Each structure stands twice: as C-alpha cells, then as structure tokens.
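Enquirer: What follows is data-v6.tsv, made up of TSV, N, CA and C atoms:
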```tsv
chain	number	residue	atom	x	y	z
I	20	MET	N	29.19	55.38	19.97
I	20	MET	CA	30.45	54.89	20.47
I	20	MET	C	30.17	54.19	21.78
I	21	GLY	N	30.72	53.04	21.94
I	21	GLY	CA	30.65	52.31	23.20
I	21	GLY	C	32.05	52.06	23.71
I	22	ILE	N	32.18	51.98	25.02
I	22	ILE	CA	33.48	51.65	25.60
I	22	ILE	C	33.33	50.39	26.44
I	23	TYR	N	34.41	49.62	26.50
I	23	TYR	CA	34.41	48.36	27.24
I	23	TYR	C	35.55	48.37	28.25
I	24	ALA	N	35.23	48.00	29.47
I	24	ALA	CA	36.24	47.89	30.52
I	24	ALA	C	36.03	46.58	31.25
I	25	ARG	N	37.13	45.98	31.70
I	25	ARG	CA	37.04	44.69	32.38
I	25	ARG	C	38.12	44.57	33.43
I	26	VAL	N	37.76	43.96	34.52
I	26	VAL	CA	38.72	43.54	35.53
I	26	VAL	C	38.41	42.09	35.87
I	27	SER	N	39.36	41.41	36.48
I	27	SER	CA	39.19	39.98	36.72
I	27	SER	C	38.56	39.64	38.07
I	28	SER	N	38.47	40.60	38.97
I	28	SER	CA	37.87	40.33	40.27
I	28	SER	C	37.30	41.62	40.85
I	29	ASN	N	36.61	41.49	41.97
I	29	ASN	CA	36.02	42.68	42.58
I	29	ASN	C	36.78	43.15	43.81
I	30	THR	N	38.11	42.97	43.79
I	30	THR	CA	38.91	43.49	44.88
I	30	THR	C	38.98	45.01	44.78
I	31	LYS	N	39.36	45.62	45.87
I	31	LYS	CA	39.43	47.09	45.91
I	31	LYS	C	40.34	47.63	44.80
I	32	ASP	N	41.51	47.02	44.63
I	32	ASP	CA	42.44	47.48	43.59
I	32	ASP	C	41.87	47.30	42.19
I	33	GLN	N	41.20	46.17	41.97
I	33	GLN	CA	40.62	45.92	40.65
I	33	GLN	C	39.48	46.89	40.36
I	34	LEU	N	38.66	47.18	41.35
I	34	LEU	CA	37.56	48.12	41.14
I	34	LEU	C	38.08	49.54	40.91
I	35	ARG	N	39.18	49.88	41.55
I	35	ARG	CA	39.81	51.18	41.30
I	35	ARG	C	40.32	51.22	39.85
I	36	SER	N	40.90	50.12	39.41
I	36	SER	CA	41.37	50.03	38.02
I	36	SER	C	40.20	50.17	37.05
I	37	LEU	N	39.09	49.55	37.38
I	37	LEU	CA	37.91	49.64	36.54
I	37	LEU	C	37.44	51.10	36.42
I	38	ALA	N	37.39	51.78	37.54
I	38	ALA	CA	36.99	53.19	37.53
I	38	ALA	C	37.96	54.02	36.69
I	39	ASN	N	39.24	53.73	36.80
I	39	ASN	CA	40.25	54.44	36.01
I	39	ASN	C	40.09	54.17	34.52
I	40	GLN	N	39.80	52.92	34.17
I	40	GLN	CA	39.59	52.57	32.76
I	40	GLN	C	38.41	53.36	32.18
I	41	VAL	N	37.30	53.34	32.90
I	41	VAL	CA	36.09	54.03	32.42
I	41	VAL	C	36.36	55.53	32.31
I	42	SER	N	37.03	56.09	33.29
I	42	SER	CA	37.34	57.51	33.26
I	42	SER	C	38.21	57.87	32.06
I	43	ALA	N	39.28	57.11	31.85
I	43	ALA	CA	40.20	57.39	30.74
I	43	ALA	C	39.51	57.25	29.39
I	44	LEU	N	38.72	56.20	29.23
I	44	LEU	CA	38.04	55.99	27.96
I	44	LEU	C	36.98	57.05	27.71
I	45	THR	N	36.27	57.44	28.76
I	45	THR	CA	35.27	58.50	28.63
I	45	THR	C	35.93	59.82	28.22
I	46	GLN	N	37.07	60.11	28.81
I	46	GLN	CA	37.79	61.33	28.45
I	46	GLN	C	38.23	61.30	27.00
I	47	LYS	N	38.72	60.14	26.54
I	47	LYS	CA	39.15	60.04	25.14
I	47	LYS	C	37.99	60.28	24.19
I	48	VAL	N	36.84	59.72	24.50
I	48	VAL	CA	35.67	59.92	23.65
I	48	VAL	C	35.29	61.40	23.62
I	49	SER	N	35.38	62.06	24.75
I	49	SER	CA	34.98	63.47	24.83
I	49	SER	C	35.90	64.39	24.03
I	50	LEU	N	37.09	63.93	23.70
I	50	LEU	CA	38.05	64.75	22.95
I	50	LEU	C	37.79	64.77	21.45
I	51	VAL	N	36.96	63.86	20.98
I	51	VAL	CA	36.66	63.79	19.55
I	51	VAL	C	35.25	64.33	19.32
I	52	GLU	N	35.18	65.44	18.64
I	52	GLU	CA	33.91	66.16	18.49
I	52	GLU	C	32.81	65.30	17.85
I	53	ASP	N	33.18	64.46	16.90
I	53	ASP	CA	32.18	63.66	16.18
I	53	ASP	C	31.75	62.40	16.93
I	54	TRP	N	32.39	62.10	18.05
I	54	TRP	CA	32.04	60.90	18.80
I	54	TRP	C	31.02	61.23	19.89
I	55	ARG	N	30.12	60.30	20.11
I	55	ARG	CA	29.13	60.45	21.16
I	55	ARG	C	29.06	59.13	21.92
I	56	LEU	N	29.25	59.18	23.22
I	56	LEU	CA	29.22	57.97	24.04
I	56	LEU	C	27.78	57.51	24.19
I	57	VAL	N	27.51	56.29	23.76
I	57	VAL	CA	26.16	55.75	23.78
I	57	VAL	C	25.99	54.73	24.90
I	58	ASP	N	27.03	53.94	25.15
I	58	ASP	CA	26.91	52.89	26.16
I	58	ASP	C	28.28	52.55	26.74
I	59	ILE	N	28.25	52.03	27.94
I	59	ILE	CA	29.46	51.56	28.61
I	59	ILE	C	29.23	50.10	28.98
I	60	TYR	N	30.16	49.26	28.59
I	60	TYR	CA	30.07	47.83	28.85
I	60	TYR	C	31.15	47.48	29.87
I	61	ILE	N	30.74	46.86	30.97
I	61	ILE	CA	31.67	46.56	32.06
I	61	ILE	C	31.51	45.11	32.49
I	62	ASP	N	32.62	44.40	32.55
I	62	ASP	CA	32.63	43.04	33.08
I	62	ASP	C	33.59	42.95	34.25
I	63	VAL	N	33.17	42.23	35.26
I	63	VAL	CA	34.07	41.81	36.34
I	63	VAL	C	34.13	40.30	36.19
I	64	ALA	N	35.07	39.86	35.36
I	64	ALA	CA	35.18	38.45	35.03
I	64	ALA	C	36.55	38.16	34.44
I	65	SER	N	36.94	36.94	34.54
I	65	SER	CA	38.20	36.50	33.97
I	65	SER	C	38.16	36.61	32.46
I	66	ALA	N	39.31	36.74	31.85
I	66	ALA	CA	39.40	36.79	30.39
I	66	ALA	C	39.48	35.39	29.78
I	67	LYS	N	39.46	34.37	30.62
I	67	LYS	CA	39.52	33.00	30.12
I	67	LYS	C	38.32	32.70	29.24
I	68	ALA	N	38.52	31.85	28.27
I	68	ALA	CA	37.49	31.56	27.28
I	68	ALA	C	36.20	31.03	27.90
I	69	LYS	N	36.28	30.29	28.99
I	69	LYS	CA	35.09	29.69	29.58
I	69	LYS	C	34.33	30.63	30.52
I	70	SER	N	34.89	31.78	30.81
I	70	SER	CA	34.22	32.68	31.74
I	70	SER	C	33.09	33.43	31.03
I	71	LYS	N	32.06	33.77	31.79
I	71	LYS	CA	30.95	34.53	31.24
I	71	LYS	C	31.35	36.00	31.21
I	72	ARG	N	31.39	36.54	30.03
I	72	ARG	CA	31.64	37.98	29.88
I	72	ARG	C	30.42	38.54	29.18
I	73	GLU	N	29.36	38.67	29.96
I	73	GLU	CA	28.07	39.05	29.41
I	73	GLU	C	28.09	40.41	28.73
I	74	GLU	N	28.77	41.37	29.31
I	74	GLU	CA	28.81	42.70	28.71
I	74	GLU	C	29.64	42.70	27.42
I	75	TYR	N	30.69	41.93	27.39
I	75	TYR	CA	31.47	41.81	26.16
I	75	TYR	C	30.59	41.22	25.05
I	76	ASN	N	29.85	40.19	25.39
I	76	ASN	CA	28.97	39.57	24.41
I	76	ASN	C	27.86	40.52	23.97
I	77	ARG	N	27.36	41.34	24.90
I	77	ARG	CA	26.35	42.34	24.55
I	77	ARG	C	26.95	43.38	23.61
I	78	LEU	N	28.20	43.77	23.86
I	78	LEU	CA	28.90	44.70	22.98
I	78	LEU	C	29.00	44.14	21.56
I	79	ILE	N	29.41	42.90	21.45
I	79	ILE	CA	29.53	42.25	20.13
I	79	ILE	C	28.17	42.20	19.44
I	80	ASP	N	27.13	41.84	20.19
I	80	ASP	CA	25.78	41.80	19.61
I	80	ASP	C	25.35	43.19	19.14
I	81	ASP	N	25.61	44.21	19.97
I	81	ASP	CA	25.25	45.57	19.58
I	81	ASP	C	25.98	46.01	18.32
I	82	CYS	N	27.25	45.63	18.20
I	82	CYS	CA	28.00	45.97	16.99
I	82	CYS	C	27.41	45.27	15.77
I	83	ARG	N	27.11	44.02	15.92
I	83	ARG	CA	26.51	43.27	14.80
I	83	ARG	C	25.17	43.86	14.38
I	84	ASN	N	24.44	44.39	15.35
I	84	ASN	CA	23.14	44.99	15.09
I	84	ASN	C	23.20	46.48	14.80
I	85	LYS	N	24.45	46.99	14.67
I	85	LYS	CA	24.71	48.39	14.34
I	85	LYS	C	24.04	49.37	15.29
I	86	LYS	N	24.10	49.03	16.58
I	86	LYS	CA	23.51	49.92	17.59
I	86	LYS	C	24.49	50.98	18.00
```
As structure tokens - that is how I would like this structure written.
Expert:
Amino acid sequence: MGIYARVSSNTKDQLRSLANQVSALTQKVSLVEDWRLVDIYIDVASAKAKSKREEYNRLIDDCRNKK
C-alpha cells in the first residue's frame, strides 16, 4: 500500500496540511489488518498539468510495475 499527499507550496500552513494528510492516511492504513504501508509519495507542487509532480509519477510507475 502506498499513500500520496500533495500541497501546492511550502508555506507553514501548507506544510502543516501535508503533515495532517500523511498522518490521516497512515492511520487509515493501520486500521486495516491486511494492509501494509510500503511507501509514502509526497509532492510540494501545483496540480496544474505542466507542473512536475515527480512523486505522483513515481507512484504511477510503481503501480504499473506492481511494486
């Protein structure tokens, strides 16, 4: 199981939101006995199509490669 979190900038509020996202998603994974957290993918980037979302792309590649 992998989790993905993203914020659009590295402001204090956005980084707090990022920490909250990771915390909430990690807790959800821990509630399902058959799930095991393997990786966390984090981007600090805009959601616009032209922005580099390297971790999102790594997540997609990992899924395609059944990692």
Enquirer: Run DSSP on the backbone and grab whatever in chain I lands in strand (DSSP E); send it over as a list of chain:residue names.
Expert: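 Result set for chain I (strand (DSSP E)): I:Gly21, I:Ile22, I:Tyr23, I:Ala24, I:Arg25, I:Val26, I:Asp58, I:Ile59, I:Tyr60, I:Ile61, I:Asp62, I:Val63.
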Enquirer: Please, what distance in Å, to one decimal, runs between CA of Ser36 (chain I) and CA of Lys86 (chain I)?
Expert: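 So the two atoms, CA of Ser36 (chain I) and CA of Lys86 (chain I), lie 27.1 Å apart.
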Enquirer: What does the distance between atom C of Ile79 (chain I) and CA of Arg25 (chain I) come to in Å, to one decimal place?
Expert: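 It comes out at 15.9 Å.
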Enquirer: What is the CA of Asn76 (chain I)-CA of Ser42 (chain I) distance in Å, reported with one decimal?
Expert: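 Those two atoms sit 21.7 Å apart.
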Enquirer: Write out as JSON, numbers by chain which residues come within 7 Å of region 53-67 of chain I when counting only C-alpha atoms, dropping same-chain ones fewer than 3 positions away.
Expert: {"I": [20, 21, 22, 23, 24, 25, 26, 27, 28, 29, 48, 70, 71, 72, 74, 75, 78]}
Enquirer: Would you compute, for all listed atoms of region 44-50 of chain I, the axis-aligned bounding box grown by 6 Å on each side, and then report its centre and edge lengths in Å rounded to one decimal, as JSON?
Expert:
```
{"center_x": 37.1, "center_y": 60.4, "center_z": 25.3, "size_x": 16.2, "size_y": 20.8, "size_z": 19.8}
```
Enquirer: Write out as a ChimeraX atom specification all residues of chain I that DSSP puts in helix (DSSP H, G or I) for this structure's backbone.
Expert: /I:31-49,73-83
